[in-house]
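Undergrad: Would you mind keeping the following structure in view while I ask a few things?
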Number of protein chains: 2
Amino acid sequence: MAGAPHAGGGLEVVYGRRPVAEARRGRRQVHRVWTRDELDDGELTRLAGSPDHQGVVAEVDPYPYADPGSLVGADDALVLALDGVQDPRNLGAICRSAEAAGASGVVIPTRRSAAITAAACKASAGAVEHLPVARVPNLERWLAGAKDDGAWVYGADAAAPERYTDADLSGRVVLVLGGEGKGLRRLVSERCDLLVSIPLGGRVGSLNVSAAATILAFEVVRQRGA
Amino acid sequence: MAGAPHAGGGLEVVYGRRPVAEARRGRRQVHRVWTRDELDDGELTRLAGSPDHQGVVAEVDPYPYADPGSLVGADDALVLALDGVQDPRNLGAICRSAEAAGASGVVIPTRRSAAITAAACKASAGAVEHLPVARVPNLERWLAGAKDDGAWVYGADAAAPERYTDADLSGRVVLVLGGEGKGLRRLVSERCDLLVSIPLGGRVGSLNVSAAATILAFEVVRQRGA
């Protein structure tokens with residue numbers, strides 16, 4: 001295997017046309033890019049760890065997680081806090097919507113959560129290269145700190161009597177969403193100033209967590225008339 | 001291979017816990033269900049055509065597409081028309097959100113579009129078993145007919161000056177979305193009564209098509225106060 005292409009020690013890969021393009025104009029260094037000019041699809045798939053590379057794989061610095069203390073500083077800060085989203089595609093999709101909504105950042109727990117892997121970068125269409133994403137060892141404690149800093153914390157809970165559209169989402173806002181199919185853990189739920197629900201029709205009666213996050217983030221945008 | 005499990009001629013499969021559960025309480029007959037009690041993971045993966053089966057694969061009747069003429073009958077009909085969404089996961093995600101929004105149905109073109117495959121069923125969490133999904137040979141013509149039936153047709157266009165939140169989304173509404181990264185084709189765009197945009201912040205400047213569909217569908221719900 002001497003000479004075979006591989007990502008160097010400590011480095012990561014991103015794959016896909018838009019993720020690689022956004023990495024190049026983002027915050028971390030791109031060391032090498034492999035395309036179909038240099039490698040065949042099988043080798044690109046092996047490097048990417050996925051067949052979804054669209055013919056482009058890059059070797060990049062590790063993902064630059066943000067300082068969790070920095071996210072609610074602005075008067076109109078909007079942060080999405082994810083209580084155990086497990087699927088990197090959902091995490092990436094949430095980050096893409098959050099970035100498009102102009103959010104200040106996303107907070108995820110260090111443990112029992114998907115991280116910003118190459119699959120999450122791909123699902124975010126590269127949005128994670130621009131959006132601050134912070135990891136925290138204890139989400140309840142981070143929420144308490146955000147409240148001390150003047151943020152209002154709204155938890156998404158399908159059983160809450162208050163509709164999300166009736167909540168006042170001005171000022172510093174943190175939106176908290178539970179993991180896929182699980183909802184918020186009790187200790188996280190108790191940290192919220194208000195629990196809000198998205199009214200659902202239909203028979204299945206549930207939304208994908210990234211759909212719920214998108215609806216809530218764009219309701220903030222709507223209320224602010226941005 | 002005699003005796004090896006396989007889906008019978010003309011039948012389809014669905015896989016995953018929720019998709020199979022929703023198929024059982026939905027509109028099409030479920031002929032057989034295979035689980036890890038009968039088969040190992042490799043055999044389930046072969047039957048499902050995907051490793052995402054969660055240990056459950058079912059043999060079902062072909063997907064029962066809806067009559068496209070039936071979808072805008074109700075005074076408050078809400079239909080999502082998809083102009084060439086190619087990824088079955090996006091199609092499934094849109095159907096899940098549409099069903100949760102209480103939509104009347106989804107319309108897709110027969111050609112150059114993802115269909116309701118097992119992957120779409122999985123991404124919809126089984127919502128397609130309850131939501132009417134119709135296929136039409138010519139989307140422009142279907143939109144013209146919907147307008148004749150009293151529907152207002154709103155096309156999602158990132159460049160439109162009118163914000164989606166400023167549009168009056170009461171009455172019979174059709175929301176038209178373009179394929180991934182492509183937007184609406186010109187002939188489809190010209191059929192719309194109004195083009196609307198979702199204001200975007202951030203640097204990537206685009207939404208996933210299922211995120212856009214979700215935002216628009218839930219704005220209809222919000223305006224109707226349902």
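Residues are referred to by chain and number: the chain letter is A, B, ... according to the order shown in the structure tokens, the number counts from 1 in that chain, and ligands are numbered separately from 1 in the order shown.
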Wanna dump the chain A-chain B contacts at 9 Å for me, each residue with its shortest atom pair and the distance in Å to one decimal, counting only C-alpha atoms, ordered by chain and number, as CSV?

TA:
residue,atom,partner,partner_atom,distance
A:Glu22,CA,B:Val204,CA,7.9
A:Ala93,CA,B:Asn208,CA,7.8
A:Arg96,CA,B:Leu207,CA,6.9
A:Ser97,CA,B:Leu207,CA,6.3
A:Ala98,CA,B:Gly202,CA,8.5
A:Glu99,CA,B:Gly202,CA,5.2
A:Ala100,CA,B:Gly201,CA,5.0
A:Ala101,CA,B:Gly201,CA,5.3
A:Gly102,CA,B:Gly201,CA,4.3
A:Ala103,CA,B:Gly202,CA,7.8
A:Ser124,CA,B:Asn208,CA,8.7
A:Ala125,CA,B:Val204,CA,8.0
A:Gly126,CA,B:Val204,CA,7.5
A:Ala127,CA,B:Val204,CA,5.9
A:His130,CA,B:Arg203,CA,7.0
A:Leu131,CA,B:Gly202,CA,8.0
A:Thr165,CA,B:Arg222,CA,7.3
A:Ile198,CA,B:Phe218,CA,8.9
A:Pro199,CA,B:Ala226,CA,7.5
A:Leu200,CA,B:Ala100,CA,5.1
A:Gly201,CA,B:Gly102,CA,4.3
A:Gly202,CA,B:Gly102,CA,4.8
A:Arg203,CA,B:His130,CA,7.0
A:Val204,CA,B:Ala127,CA,6.0
A:Gly205,CA,B:Ala100,CA,5.9
A:Ser206,CA,B:Ala100,CA,6.4
A:Leu207,CA,B:Ser97,CA,6.3
A:Asn208,CA,B:Ser97,CA,7.7
A:Ser210,CA,B:Ala211,CA,8.1
A:Ala211,CA,B:Ala211,CA,6.4
A:Ala212,CA,B:Thr214,CA,8.7
A:Thr214,CA,B:Ala211,CA,6.5
A:Ile215,CA,B:Ile215,CA,5.6
A:Phe218,CA,B:Ile215,CA,7.2
A:Glu219,CA,B:Ile215,CA,8.7
A:Val221,CA,B:Pro199,CA,8.4
A:Arg222,CA,B:Thr165,CA,7.3
A:Ala226,CA,B:Pro199,CA,7.5

Undergrad: Find the residues near B:Trp152: any atom within 8 Å, counting only C-alpha atoms, skip ones fewer than 6 places away on the same chain, and give them as a compact mmCIF listing (two decimals) with N, CA and C atoms, in the first residue's frame.

TA:
# COMPACT_ATOMS: atom_id res chain seq x y z
N ALA B 146 -55.38 22.48 -12.10
CA ALA B 146 -55.60 22.85 -10.69
C ALA B 146 -56.08 24.29 -10.60
N GLY B 171 -57.41 29.25 1.15
CA GLY B 171 -58.11 28.60 0.04
C GLY B 171 -57.35 27.39 -0.50
N ARG B 172 -57.66 27.03 -1.75
CA ARG B 172 -56.96 25.90 -2.39
C ARG B 172 -55.57 26.37 -2.81
N VAL B 173 -54.56 25.70 -2.30
CA VAL B 173 -53.17 26.13 -2.56
C VAL B 173 -52.34 24.98 -3.11
N VAL B 174 -51.60 25.27 -4.17
CA VAL B 174 -50.57 24.36 -4.67
C VAL B 174 -49.23 25.05 -4.50
N CYS B 192 -47.22 29.50 -12.61
CA CYS B 192 -47.52 29.88 -11.23
C CYS B 192 -48.23 31.24 -11.19
N ASP B 193 -49.19 31.36 -10.26
CA ASP B 193 -49.83 32.66 -10.04
C ASP B 193 -48.86 33.64 -9.40

Undergrad: Contacts of B:Ala81 at 7 Å or less, counting only C-alpha atoms, minus same-chain residues fewer than 6 places along, as a list in words?

TA: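 The residues that qualify are Val106, Val107, Ile108, Val174, Leu175, Val176 and Leu177 of chain B.
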
Undergrad: What is the atom CA of A:Leu143 to atom CA of A:Ser113 distance in Å?

TA: 16.6 Å

Undergrad: What is the atom CA of A:Arg28 to atom CA of A:Pro62 distance in Å?

TA: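 Computing the Euclidean distance for atom CA of A:Arg28 and atom CA of A:Pro62 yields 7.6 Å.
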
Undergrad: Tell me, as a ChimeraX atom specification, which residues lie within 12 Å of B:His31, counting only C-alpha atoms; anything in the same chain fewer than 3 positions away does not count.

TA: /B:6-8,11-14,20,23-24,28,34,57-62

Undergrad: Could you write out, as a list in words, all the residues of stretch 46-165 of chain B that DSSP marks as strand (DSSP E or B)?

TA: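 After running DSSP on the backbone, stretch 46-165 of chain B has strand (DSSP E or B) at Val56, Val57, Ala58, Glu59, Val60, Leu78, Val79, Leu80, Ala81, Leu82, Asp83, Gly105, Val106, Val107, Ile108, Pro109, Val133, Ala134, Arg135, Val136, Trp152, Val153, Tyr154, Gly155, Ala156 and Arg163 of chain B.
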
Undergrad: For a quick check of understanding, using only C-alpha atoms, which of B:Cys95, B:Ala118, B:Ala77, B:Ala21 has the smallest distance to B:Gly49?

TA: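 Looking at the shortest contact to B:Gly49, the residue is B:Ala118.
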
Undergrad: Interatomic distance between atom CA of B:Gly183 and atom CA of B:Val196?

TA: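 For atom CA of B:Gly183 relative to atom CA of B:Val196, the distance reads 12.1 Å.
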
Undergrad: Would you mind writing down, as a list in words, each residue of stretch 39-95 of chain A that DSSP on the backbone assigns to alpha helix (DSSP H)?

TA: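 Alpha helix (DSSP H) assignments inside stretch 39-95 of chain A correspond to Asp41, Gly42, Glu43, Leu44, Thr45, Arg46, Leu47, Ala48, Pro88, Arg89, Asn90, Leu91, Gly92, Ala93, Ile94 and Cys95 of chain A.
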
Undergrad: Here is a test: counting only C-alpha atoms, which residue of B:Val220, B:Ala114, B:Leu82, B:Asp149 is nearest to B:Arg185?

TA: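 Using only C-alpha atoms, B:Arg185 sits closest to B:Leu82.
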
Undergrad: Rank nothing, just name the residue among A:Glu162, A:Gly179, A:Ile116, A:Leu44 nearest to A:Gly92, using only C-alpha atoms.

TA: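 For A:Gly92, the nearest of the given residues is A:Ile116.
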